[in-house]
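**Student:** Structure: work.pdb, PDB, C-alpha atoms.
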```pdb
MODEL        1
ATOM      1  CA  MET Z  16     100.741 112.779  90.097
ATOM      2  CA  MET Z  17     100.076 113.232  86.496
ATOM      3  CA  ARG Z  18     100.449 110.130  84.370
ATOM      4  CA  GLU Z  19     103.828 111.183  83.059
ATOM      5  CA  ILE Z  20     106.585 113.531  84.164
ATOM      6  CA  SER Z  21     106.525 115.110  80.706
ATOM      7  CA  LEU Z  22     103.047 116.484  81.468
ATOM      8  CA  HIS Z  23     104.395 118.146  84.602
ATOM      9  CA  ILE Z  24     107.149 119.649  82.459
ATOM     10  CA  LEU Z  25     104.632 120.971  79.936
ATOM     11  CA  ASP Z  26     102.739 122.554  82.811
ATOM     12  CA  ILE Z  27     105.867 124.371  84.026
ATOM     13  CA  ILE Z  28     106.647 125.543  80.470
ATOM     14  CA  GLU Z  29     103.098 126.933  80.259
ATOM     15  CA  ASN Z  30     103.743 128.770  83.539
ATOM     16  CA  SER Z  31     106.915 130.274  82.077
ATOM     17  CA  ILE Z  32     105.064 131.462  79.020
ATOM     18  CA  THR Z  33     102.295 132.929  81.159
ATOM     19  CA  ALA Z  34     105.082 134.775  82.970
ATOM     20  CA  ARG Z  35     105.991 136.267  79.551
ATOM     21  CA  ALA Z  36     109.190 134.256  79.142
ATOM     22  CA  ASN Z  37     110.528 133.958  75.598
ATOM     23  CA  LYS Z  38     113.633 131.943  76.512
ATOM     24  CA  ILE Z  39     113.302 128.581  78.187
ATOM     25  CA  LYS Z  40     116.080 126.140  78.936
ATOM     26  CA  LEU Z  41     115.084 122.605  79.831
ATOM     27  CA  THR Z  42     117.588 120.061  81.121
ATOM     28  CA  ILE Z  43     116.694 116.476  81.880
ATOM     29  CA  GLU Z  44     119.292 114.215  83.384
ATOM     30  CA  GLU Z  45     118.864 110.500  83.933
ATOM     31  CA  ASN Z  46     121.673 108.942  85.916
ATOM     32  CA  ILE Z  47     120.911 105.314  86.433
ATOM     33  CA  GLU Z  48     124.087 104.391  88.241
ATOM     34  CA  ARG Z  49     123.658 107.175  90.796
ATOM     35  CA  ASP Z  50     119.929 106.547  90.761
ATOM     36  CA  TYR Z  51     118.452 109.958  90.060
ATOM     37  CA  LEU Z  52     116.331 111.777  87.532
ATOM     38  CA  LYS Z  53     116.715 115.542  87.484
ATOM     39  CA  VAL Z  54     114.612 118.077  85.620
ATOM     40  CA  LYS Z  55     115.624 121.714  85.436
ATOM     41  CA  ILE Z  56     113.607 124.446  83.768
ATOM     42  CA  VAL Z  57     115.007 127.967  83.604
ATOM     43  CA  ASP Z  58     113.104 130.878  82.070
ATOM     44  CA  ASN Z  59     113.533 134.612  81.579
ATOM     45  CA  GLY Z  60     109.952 135.431  82.563
ATOM     46  CA  CYS Z  61     108.790 138.133  84.938
ATOM     47  CA  GLY Z  62     109.928 136.183  87.997
ATOM     48  CA  MET Z  63     108.497 136.113  91.480
ATOM     49  CA  ASP Z  64     109.331 137.766  94.770
ATOM     50  CA  LYS Z  65     110.018 135.726  97.915
ATOM     51  CA  ASP Z  66     106.381 135.541  98.977
ATOM     52  CA  GLU Z  67     105.206 134.481  95.534
ATOM     53  CA  VAL Z  68     107.846 131.742  95.422
ATOM     54  CA  LYS Z  69     106.628 130.467  98.753
ATOM     55  CA  MET Z  70     103.035 130.593  97.618
ATOM     56  CA  SER Z  71     103.750 128.857  94.306
ATOM     57  CA  THR Z  72     103.955 125.423  95.898
ATOM     58  CA  ASP Z  73     100.771 126.038  97.847
ATOM     59  CA  PRO Z  74      97.889 124.263  96.111
ATOM     60  CA  PHE Z  75      95.494 127.023  97.085
ATOM     61  CA  TYR Z  76      97.437 129.730  95.283
ATOM     62  CA  THR Z  77      97.019 130.778  91.695
ATOM     63  CA  LYS Z  78      97.624 133.764  89.495
ATOM     64  CA  ARG Z  79      94.452 133.045  87.632
ATOM     65  CA  GLN Z  80      91.467 134.823  89.026
ATOM     66  CA  ILE Z  81      88.799 132.399  87.873
ATOM     67  CA  ARG Z  82      90.121 129.475  89.865
ATOM     68  CA  ARG Z  83      91.066 129.903  93.458
ATOM     69  CA  VAL Z  84      93.355 126.896  93.571
ATOM     70  CA  GLY Z  85      96.387 126.425  91.305
ATOM     71  CA  LEU Z  86      97.871 123.001  91.399
ATOM     72  CA  GLY Z  87     100.563 122.539  88.780
ATOM     73  CA  ILE Z  88     103.709 123.144  90.825
ATOM     74  CA  SER Z  89     102.189 121.608  93.887
ATOM     75  CA  LEU Z  90     101.431 118.348  92.069
ATOM     76  CA  PHE Z  91     104.924 118.231  90.588
ATOM     77  CA  LYS Z  92     106.402 118.779  94.043
ATOM     78  CA  THR Z  93     104.334 116.043  95.643
ATOM     79  CA  SER Z  94     105.166 113.679  92.827
ATOM     80  CA  ALA Z  95     108.913 114.224  93.431
ATOM     81  CA  GLU Z  96     108.580 114.032  97.204
ATOM     82  CA  ASN Z  97     106.750 110.728  96.872
ATOM     83  CA  CYS Z  98     109.928 109.407  95.223
ATOM     84  CA  ASN Z  99     112.548 110.536  97.764
ATOM     85  CA  GLY Z 100     113.013 113.731  95.785
ATOM     86  CA  TYR Z 101     112.262 117.413  95.955
ATOM     87  CA  LEU Z 102     111.172 120.426  93.950
ATOM     88  CA  LYS Z 103     113.062 123.664  94.423
ATOM     89  CA  ILE Z 104     112.197 127.056  92.977
ATOM     90  CA  SER Z 105     114.426 130.062  92.851
ATOM     91  CA  SER Z 106     113.320 133.250  91.210
ATOM     92  CA  LYS Z 107     114.181 136.874  90.839
ATOM     93  CA  LYS Z 108     111.711 139.571  89.928
ATOM     94  CA  ARG Z 109     112.271 140.770  86.299
ATOM     95  CA  PHE Z 110     114.975 138.146  85.671
ATOM     96  CA  GLY Z 111     113.232 134.820  85.624
ATOM     97  CA  THR Z 112     112.592 131.584  87.442
ATOM     98  CA  LYS Z 113     114.404 128.308  87.889
ATOM     99  CA  VAL Z 114     112.575 125.114  88.808
ATOM    100  CA  GLU Z 115     114.636 122.077  89.772
ATOM    101  CA  VAL Z 116     113.067 118.703  90.411
ATOM    102  CA  PHE Z 117     114.790 115.610  91.667
ATOM    103  CA  TYR Z 118     113.495 112.017  91.742
ATOM    104  CA  GLN Z 119     115.000 108.755  92.923
ATOM    105  CA  TYR Z 120     115.245 107.055  89.536
ATOM    106  CA  SER Z 121     114.406 103.544  90.703
ATOM    107  CA  HIS Z 122     111.602 104.562  93.069
ATOM    108  CA  ILE Z 123     108.579 102.376  92.513
ATOM    109  CA  ASP Z 124     106.164 105.336  92.553
ATOM    110  CA  ARG Z 125     108.117 107.362  90.005
ATOM    111  CA  GLN Z 126     106.016 107.962  86.903
ATOM    112  CA  PRO Z 127     107.645 107.339  83.547
ATOM    113  CA  LEU Z 128     109.260 110.336  81.919
ATOM    114  CA  GLY Z 129     106.718 109.994  79.137
ATOM    115  CA  ASP Z 130     106.618 111.381  75.655
ATOM    116  CA  ILE Z 131     109.008 114.321  75.802
ATOM    117  CA  SER Z 132     109.070 114.888  72.041
ATOM    118  CA  SER Z 133     105.292 115.352  71.809
ATOM    119  CA  THR Z 134     105.372 117.557  74.902
ATOM    120  CA  LEU Z 135     107.974 119.850  73.393
ATOM    121  CA  VAL Z 136     106.238 119.973  70.031
ATOM    122  CA  THR Z 137     103.039 121.006  71.848
ATOM    123  CA  ALA Z 138     104.918 123.787  73.601
ATOM    124  CA  ILE Z 139     106.608 124.933  70.380
ATOM    125  CA  LEU Z 140     103.393 124.951  68.344
ATOM    126  CA  GLY Z 141     101.560 126.986  70.937
ATOM    127  CA  HIS Z 142     104.240 129.672  71.003
ATOM    128  CA  GLU Z 143     105.789 130.642  67.714
ATOM    129  CA  ASP Z 144     108.479 133.003  69.003
ATOM    130  CA  LEU Z 145     109.674 130.845  71.881
ATOM    131  CA  SER Z 146     113.379 130.260  72.159
ATOM    132  CA  LEU Z 147     113.742 126.768  73.576
ATOM    133  CA  TYR Z 148     116.974 125.046  74.454
ATOM    134  CA  TYR Z 149     116.687 121.415  75.520
ATOM    135  CA  LYS Z 150     119.451 119.199  76.768
ATOM    136  CA  HIS Z 151     118.923 115.581  77.735
ATOM    137  CA  ILE Z 152     121.672 113.707  79.529
ATOM    138  CA  ARG Z 153     121.464 109.982  80.067
ATOM    139  CA  ASN Z 154     124.403 108.522  81.969
ATOM    140  CA  ASP Z 155     127.433 109.540  79.905
ATOM    141  CA  LYS Z 156     125.583 110.487  76.710
ATOM    142  CA  SER Z 157     123.770 113.680  75.885
ATOM    143  CA  PHE Z 158     121.509 115.183  73.259
ATOM    144  CA  VAL Z 159     120.832 118.842  72.543
ATOM    145  CA  PHE Z 160     117.947 120.462  70.710
ATOM    146  CA  ASP Z 161     118.192 124.188  70.076
ATOM    147  CA  LEU Z 162     115.058 125.689  68.582
ATOM    148  CA  ASP Z 163     116.868 128.890  67.592
ATOM    149  CA  ALA Z 164     119.324 126.901  65.492
ATOM    150  CA  VAL Z 165     116.409 125.086  63.843
ATOM    151  CA  ARG Z 166     114.713 128.397  63.165
ATOM    152  CA  GLU Z 167     117.837 129.785  61.546
ATOM    153  CA  GLU Z 168     118.145 126.691  59.374
ATOM    154  CA  LEU Z 169     114.501 127.033  58.293
ATOM    155  CA  ASP Z 170     115.177 130.504  56.934
ATOM    156  CA  GLY Z 171     111.679 131.896  57.263
ATOM    157  CA  VAL Z 172     109.636 128.688  56.913
ATOM    158  CA  PRO Z 173     107.254 128.789  59.882
ATOM    159  CA  LEU Z 174     107.690 126.242  62.668
ATOM    160  CA  ASN Z 175     104.059 125.193  62.408
ATOM    161  CA  ASN Z 176     104.527 124.019  58.835
ATOM    162  CA  PRO Z 177     103.370 120.369  58.967
ATOM    163  CA  GLU Z 178     106.570 119.021  57.434
ATOM    164  CA  VAL Z 179     108.656 120.993  59.898
ATOM    165  CA  VAL Z 180     106.562 119.704  62.808
ATOM    166  CA  CYS Z 181     107.058 116.152  61.589
ATOM    167  CA  TRP Z 182     110.773 116.677  61.197
ATOM    168  CA  ILE Z 183     111.157 118.172  64.700
ATOM    169  CA  LYS Z 184     109.250 115.305  66.236
ATOM    170  CA  GLY Z 185     111.317 112.724  64.411
ATOM    171  CA  TYR Z 186     114.564 114.510  65.224
ATOM    172  CA  LEU Z 187     113.726 114.617  68.935
ATOM    173  CA  LYS Z 188     112.627 110.983  68.944
ATOM    174  CA  SER Z 189     115.735 109.661  67.236
ATOM    175  CA  GLY Z 190     117.988 111.880  69.354
ATOM    176  CA  LEU Z 191     116.431 110.488  72.516
ATOM    177  CA  ASP Z 192     116.514 106.930  71.210
ATOM    178  CA  ASP Z 193     120.257 107.284  70.613
ATOM    179  CA  LEU Z 194     120.749 107.914  74.330
ATOM    180  CA  LYS Z 195     119.431 104.493  75.224
TER     181      LYS Z 195
ATOM    182  CA  MET B  30      73.294 104.800  94.613
ATOM    183  CA  GLU B  31      72.703 108.181  96.283
ATOM    184  CA  PHE B  32      73.217 108.235 100.047
ATOM    185  CA  ASP B  33      73.468 110.641 102.979
ATOM    186  CA  LEU B  34      76.961 111.599 104.012
ATOM    187  CA  ARG B  35      75.897 111.639 107.669
ATOM    188  CA  GLU B  36      74.531 108.134 107.385
ATOM    189  CA  PHE B  37      77.805 106.966 105.835
ATOM    190  CA  THR B  38      79.879 108.487 108.651
ATOM    191  CA  GLU B  39      77.818 106.552 111.206
ATOM    192  CA  ASN B  40      79.334 103.332 109.867
ATOM    193  CA  SER B  41      81.305 101.759 112.742
ATOM    194  CA  ASN B  42      84.376 101.229 110.543
ATOM    195  CA  ILE B  43      84.646 104.902 109.718
ATOM    196  CA  ASP B  44      86.353 107.597 111.778
ATOM    197  CA  LEU B  45      85.085 111.109 111.269
ATOM    198  CA  VAL B  46      88.196 113.309 111.430
ATOM    199  CA  ASN B  47      86.766 116.563 110.166
ATOM    200  CA  ASP B  48      83.110 117.306 109.649
ATOM    201  CA  GLY B  49      82.347 119.730 106.891
ATOM    202  CA  ASP B  50      78.729 119.766 105.787
ATOM    203  CA  LEU B  51      77.341 116.355 106.707
ATOM    204  CA  ASN B  52      73.803 117.178 105.590
ATOM    205  CA  ILE B  53      74.651 116.477 102.021
ATOM    206  CA  LYS B  54      73.600 113.854  99.507
ATOM    207  CA  ILE B  55      76.495 111.912  98.006
ATOM    208  CA  SER B  56      75.819 110.951  94.394
ATOM    209  CA  LYS B  57      78.204 107.961  94.462
ATOM    210  CA  PRO B  58      81.661 106.902  95.634
ATOM    211  CA  TYR B  59      84.640 107.665  93.383
ATOM    212  CA  ILE B  60      87.954 105.839  93.787
ATOM    213  CA  CYS B  61      91.234 107.116  92.311
ATOM    214  CA  ASP B  62      94.704 108.117  93.512
ATOM    215  CA  LEU B  63      96.073 109.972  90.515
ATOM    216  CA  LEU B  64      95.186 113.587  91.189
ATOM    217  CA  SER B  65      95.342 114.894  87.636
ATOM    218  CA  HIS B  66      93.044 112.053  86.632
ATOM    219  CA  VAL B  67      90.635 112.933  89.418
ATOM    220  CA  MET B  68      90.695 116.562  88.303
ATOM    221  CA  SER B  69      89.593 115.662  84.816
ATOM    222  CA  ASN B  70      87.188 112.832  85.636
ATOM    223  CA  ALA B  71      85.536 113.103  89.034
ATOM    224  CA  GLU B  72      82.062 114.571  89.247
ATOM    225  CA  GLU B  73      80.891 116.869  91.991
ATOM    226  CA  ASN B  74      79.199 115.575  95.120
ATOM    227  CA  VAL B  75      80.967 112.239  95.078
ATOM    228  CA  LEU B  76      82.624 110.650  98.088
ATOM    229  CA  TRP B  77      86.268 110.517  97.019
ATOM    230  CA  ILE B  78      88.213 107.493  98.223
ATOM    231  CA  THR B  79      92.011 107.598  98.092
ATOM    232  CA  VAL B  80      95.265 106.793  99.895
ATOM    233  CA  GLN B  81      96.887 110.078  98.859
ATOM    234  CA  ASN B  82      97.688 112.172 101.884
ATOM    235  CA  ASN B  83      98.799 115.681 100.967
ATOM    236  CA  SER B  84      97.114 119.063 100.811
ATOM    237  CA  ASN B  85      96.596 118.711  97.076
ATOM    238  CA  ILE B  86      93.703 116.363  97.771
ATOM    239  CA  VAL B  87      91.888 119.133  99.613
ATOM    240  CA  ALA B  88      92.615 121.571  96.801
ATOM    241  CA  VAL B  89      91.275 119.125  94.216
ATOM    242  CA  ALA B  90      88.175 118.402  96.308
ATOM    243  CA  SER B  91      87.510 122.081  96.783
ATOM    244  CA  LEU B  92      88.012 122.770  93.077
ATOM    245  CA  LEU B  93      85.549 120.068  92.043
ATOM    246  CA  ASN B  94      82.974 120.563  94.784
ATOM    247  CA  ILE B  95      83.700 117.189  96.319
ATOM    248  CA  PRO B  96      82.335 117.431  99.857
ATOM    249  CA  ALA B  97      84.112 114.480 101.458
ATOM    250  CA  ILE B  98      87.328 112.460 101.236
ATOM    251  CA  LEU B  99      87.743 108.998 102.721
ATOM    252  CA  LEU B 100      91.292 107.776 103.391
ATOM    253  CA  VAL B 101      91.374 103.998 103.339
ATOM    254  CA  GLU B 102      93.665 101.158 104.420
ATOM    255  CA  GLY B 103      94.816 102.804 107.622
ATOM    256  CA  VAL B 104      96.150 106.034 106.120
ATOM    257  CA  LYS B 105      96.004 108.743 108.791
ATOM    258  CA  ILE B 106      95.655 112.295 107.599
ATOM    259  CA  ASN B 107      98.661 114.614 107.935
ATOM    260  CA  PRO B 108      98.087 117.599 110.270
ATOM    261  CA  ASP B 109      98.677 120.149 107.493
ATOM    262  CA  VAL B 110      96.206 118.372 105.216
ATOM    263  CA  LEU B 111      93.653 118.342 108.010
ATOM    264  CA  GLN B 112      94.231 122.057 108.543
ATOM    265  CA  ALA B 113      93.509 122.717 104.869
ATOM    266  CA  ALA B 114      90.374 120.546 105.046
ATOM    267  CA  ILE B 115      89.067 122.482 108.040
ATOM    268  CA  GLN B 116      89.670 125.719 106.174
ATOM    269  CA  GLU B 117      87.956 124.479 103.021
ATOM    270  CA  ASN B 118      85.114 122.804 104.916
ATOM    271  CA  ILE B 119      85.776 119.378 103.416
ATOM    272  CA  THR B 120      84.712 116.334 105.406
ATOM    273  CA  ILE B 121      87.595 113.949 106.124
ATOM    274  CA  LEU B 122      87.021 110.303 107.007
ATOM    275  CA  GLU B 123      89.427 107.473 107.758
ATOM    276  CA  THR B 124      89.082 103.716 107.804
ATOM    277  CA  ASP B 125      91.348 100.715 108.214
ATOM    278  CA  LEU B 126      89.339  98.852 105.582
ATOM    279  CA  SER B 127      90.063  98.799 101.877
ATOM    280  CA  ALA B 128      87.920 100.818  99.480
ATOM    281  CA  PHE B 129      86.245  97.620  98.333
ATOM    282  CA  ASP B 130      85.417  96.362 101.824
ATOM    283  CA  VAL B 131      84.159  99.653 103.162
ATOM    284  CA  LEU B 132      81.759 100.062 100.240
ATOM    285  CA  LYS B 133      80.720  96.430 100.222
ATOM    286  CA  ASN B 134      79.808  96.671 103.915
ATOM    287  CA  PHE B 135      77.969  99.931 103.483
ATOM    288  CA  PHE B 136      75.887  98.845 100.524
ATOM    289  CA  ASN B 137      75.159  95.474 102.144
ATOM    290  CA  GLY B 138      73.817  97.310 105.147
ATOM    291  CA  ASP B 139      76.514  95.931 107.529
ATOM    292  CA  ARG B 140      77.101  98.974 109.627
TER     293      ARG B 140
ENDMDL
END
```
Go through the file and emit its structure as C-alpha cells.
**Tutor:**
Amino acid sequence: MMREISLHILDIIENSITARANKIKLTIEENIERDYLKVKIVDNGCGMDKDEVKMSTDPFYTKRQIRRVGLGISLFKTSAENCNGYLKISSKKRFGTKVEVFYQYSHIDRQPLGDISSTLVTAILGHEDLSLYYKHIRNDKSFVFDLDAVREELDGVPLNNPEVVCWIKGYLKSGLDDLK
Amino acid sequence: MEFDLREFTENSNIDLVNDGDLNIKISKPYICDLLSHVMSNAEENVLWITVQNNSNIVAVASLLNIPAILLVEGVKINPDVLQAAIQENITILETDLSAFDVLKNFFNGDR
C-alpha cells in the first residue's frame, strides 16, 4: 500500500534502527516458478514482548508519543494479505525481531519491488555504524552485499563519501541486474 | 465545493453505516486507494472515497482528521473496520455506485 515494496522495507529498517539495532539482515527471494516473493528482515534491536508483537500490526499502535496511530507494519501486512500473502513477526525482548513477508509473485495487486539499491543507500547514509547484510535470491541465482566487508575494504574512508555512495549504488544495481 | 456531510448522507444512493459527527462541513471529495499516498496528500475535512476495506483506512482518516469515508462500487465494510470506525468516531458510508457517478449525481442535485 505504498507505491513500492522497497519503501515498506525501508520503513521496517527504520523501525529496527529505532529499536537500537546495529545489525540488520535483509533477505529478498523472488521465485517465479513457485510464484512467491519473500522478504525477511532480522535485527538485533531491543525486541518486543508478546503483547507488543500483537500490537505492532495494529494500525492504532505506535511507540511514538506524538502520533497515536502507527501504520508502517500494518500497511505492509495489508499489502501482503491483498496478494494472497502474509506478514509474520517473531521477536524476543533484548534479542531482536524478525519480520517475514510473503507475496504471491504474480498477483495483480502486488506492487513492484521498486528501487532496492536507493532504499538501501538511504538506510546506510542515515546510519553510519549500521551493519547491514543483504542477500537477494532470484530463482537459482543469488547476490550478496555485506556492508561490513565494504567498510573493511574502505579502510577508514567514511561511507558517506560521495564516491563511495556512488560506488555502492552502482555495485548494488549491477549485482541485481545480474540476477535477471 | 463545500457541502454538509449530513446532506450528502441523505442521498438515496448512500447507506449510512456509521454516523460519526454528521454536523460537519466537507471541504471537498478526495478519491484515492493507495494509503501512503493518501497520508501524504489528503487534506483534512475531505470526504474520502475508496474501495480499500481494512482498519488502516480508519487509522489514516483519524490521523488526518478526515471525518468520513465512502466505500464505493458495492464494497461492504468489514466488521473489524466498522468497529474501529465506531471507536474513532469516523462516519462510514457505502454505495453501489462508482466514485464518479455518486459525485456526479450529488453535484447535479439528483438525490
**Student:** Taking all atoms listed in the file into account, find every residue of chain B that has an atom no more than 8 Å from chain Z, and write it out as an NGL selection string.
**Tutor:** :B and (63-66 or 83-85 or 88 or 92)
**Student:** Output the residue selection produced by the PyMOL selection byres ((chain Z and resi 106) around 8) on the file above, formatted as number ranges by chain.
**Tutor:** Z: 62-65, 68, 104-105, 107-108, 110-113
**Student:** Restricting it to C-alpha atoms, dump the selection as a PDB file, in the coordinates of the input.
**Tutor:**
```pdb
ATOM      1  CA  GLY Z  62     109.928 136.183  87.997  1.00  0.00           C
ATOM      2  CA  MET Z  63     108.497 136.113  91.480  1.00  0.00           C
ATOM      3  CA  ASP Z  64     109.331 137.766  94.770  1.00  0.00           C
ATOM      4  CA  LYS Z  65     110.018 135.726  97.915  1.00  0.00           C
ATOM      5  CA  VAL Z  68     107.846 131.742  95.422  1.00  0.00           C
ATOM      6  CA  ILE Z 104     112.197 127.056  92.977  1.00  0.00           C
ATOM      7  CA  SER Z 105     114.426 130.062  92.851  1.00  0.00           C
ATOM      8  CA  LYS Z 107     114.181 136.874  90.839  1.00  0.00           C
ATOM      9  CA  LYS Z 108     111.711 139.571  89.928  1.00  0.00           C
ATOM     10  CA  PHE Z 110     114.975 138.146  85.671  1.00  0.00           C
ATOM     11  CA  GLY Z 111     113.232 134.820  85.624  1.00  0.00           C
ATOM     12  CA  THR Z 112     112.592 131.584  87.442  1.00  0.00           C
ATOM     13  CA  LYS Z 113     114.404 128.308  87.889  1.00  0.00           C
TER      14      LYS Z 113
END
```
**Student:** Between B:Ser69, B:Ser56, B:Thr38, B:Asn94, which is the closest to B:Glu123 once you count all atoms listed in the file?
**Tutor:**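 Among B:Ser69, B:Ser56, B:Thr38, B:Asn94, it is B:Thr38 that comes nearest to B:Glu123.
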**Student:** Given the PyMOL selection byres ((chain Z and resi 52) around 10) and the file above, list the residues it selects as an MDAnalysis selection string.
**Tutor:** chainID Z and resid 43:47 49:51 53:54 95 100 116:121 125 128 152:153
**Student:** Please check which residues have atoms at most 10 Å from (94.6, 118.5, 107.6) in the file's coordinates, counting only C-alpha atoms, and write them as an MDAnalysis selection string.
**Tutor:** chainID B and resid 46:47 82:84 87 105:116 119 121
**Student:** Give me the residues near B:Val67 as a PyMOL selection string, where near means some atom within 10 Å (using all atoms listed in the file) and where sequence neighbours in that chain fewer than 3 positions away do not count.
**Tutor:** (chain Z and resi 17) or (chain B and resi 59-64+70-72+77+86+89-90+93)
**Student:** I'd like the neighbourhood of Z:Leu25 as a PyMOL selection string, where a residue qualifies if any of its atoms comes within 12 Å (using only C-alpha atoms), though same-chain residues fewer than 3 positions away should be ignored.
**Tutor:** chain Z and resi 17+19-22+28-32+39+41+54+56+87-88+91+128-139+141
**Student:** Exactly which residues make up the result of the PyMOL selection byres ((chain Z and resi 157-173) around 9) on this file, given as a count of residues only?
**Tutor:** 26
**Student:** So what do you get for atom CA of B:Asp48 versus atom CA of B:Arg35, distance-wise?
**Tutor:**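 Interatomic distance, atom CA of B:Asp48 to atom CA of B:Arg35: 9.4 Å.
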**Student:** Quick one: distance from atom CA of Z:Pro177 to atom CA of Z:Asp192 in Å, one decimal?
**Tutor:**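 Atom CA of Z:Pro177 sits 22.4 Å away from atom CA of Z:Asp192.
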**Student:** Using all atoms of stretch 147-163 of chain Z listed in the file and a margin of 3 Å per side, can you give the axis-aligned box centre and edge lengths in Å to one decimal, as AutoDock Vina command-line options?
**Tutor:**
```
--center_x 120.6 --center_y 118.7 --center_z 74.8 --size_x 19.7 --size_y 26.4 --size_z 20.4
```
**Student:** Would you please work out which residue, of Z:Asp144, Z:Asp58, Z:Lys92, Z:Ile24, is nearest to Z:Arg109 when using all atoms listed in the file?
**Tutor:**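 Smallest distance to Z:Arg109 is found for Z:Asp58.
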**Student:** So that I can check the surroundings of B:Thr120, please list as a PyMOL selection string every protein, DNA and RNA residue that reaches within 7 Å of it, counting all atoms listed in the file and ignoring chain neighbours fewer than 5 positions away.
**Tutor:** chain B and resi 47-50+96-98
**Student:** Counting all atoms listed in the file, figure out which residue out of Z:Thr42, Z:Gly60, Z:Ile27, Z:Ser94 gets nearest to Z:Pro127.
**Tutor:**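 Using all atoms listed in the file, the shortest distance to Z:Pro127 belongs to Z:Ser94.
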**Student:** Please fill the gaps in stretch 97-108 of chain B so it has N, CA and C atoms, and write that as a CSV table (one decimal), in the coordinates of the input.
**Tutor:**
```
chain,number,residue,atom,x,y,z
B,97,ALA,N,83.5,115.4,100.5
B,97,ALA,CA,84.1,114.5,101.5
B,97,ALA,C,85.2,113.6,100.9
B,98,ILE,N,86.2,113.4,101.7
B,98,ILE,CA,87.3,112.5,101.2
B,98,ILE,C,87.5,111.4,102.3
B,99,LEU,N,87.5,110.1,101.8
B,99,LEU,CA,87.7,109.0,102.7
B,99,LEU,C,89.1,108.4,102.5
B,100,LEU,N,90.0,108.4,103.5
B,100,LEU,CA,91.3,107.8,103.4
B,100,LEU,C,91.2,106.3,103.9
B,101,VAL,N,91.6,105.4,103.0
B,101,VAL,CA,91.4,104.0,103.3
B,101,VAL,C,92.7,103.3,103.7
B,102,GLU,N,92.5,102.1,104.1
B,102,GLU,CA,93.7,101.2,104.4
B,102,GLU,C,94.6,101.7,105.5
B,103,GLY,N,94.0,102.4,106.5
B,103,GLY,CA,94.8,102.8,107.6
B,103,GLY,C,95.6,104.1,107.4
B,104,VAL,N,95.4,104.8,106.3
B,104,VAL,CA,96.2,106.0,106.1
B,104,VAL,C,95.6,107.1,107.1
B,105,LYS,N,96.4,107.7,107.8
B,105,LYS,CA,96.0,108.7,108.8
B,105,LYS,C,96.4,110.1,108.2
B,106,ILE,N,95.4,111.0,108.3
B,106,ILE,CA,95.7,112.3,107.6
B,106,ILE,C,96.8,113.1,108.3
B,107,ASN,N,97.6,113.7,107.4
B,107,ASN,CA,98.7,114.6,107.9
B,107,ASN,C,98.0,115.9,108.5
B,108,PRO,N,98.6,116.4,109.6
B,108,PRO,CA,98.1,117.6,110.3
B,108,PRO,C,97.9,118.8,109.3
```
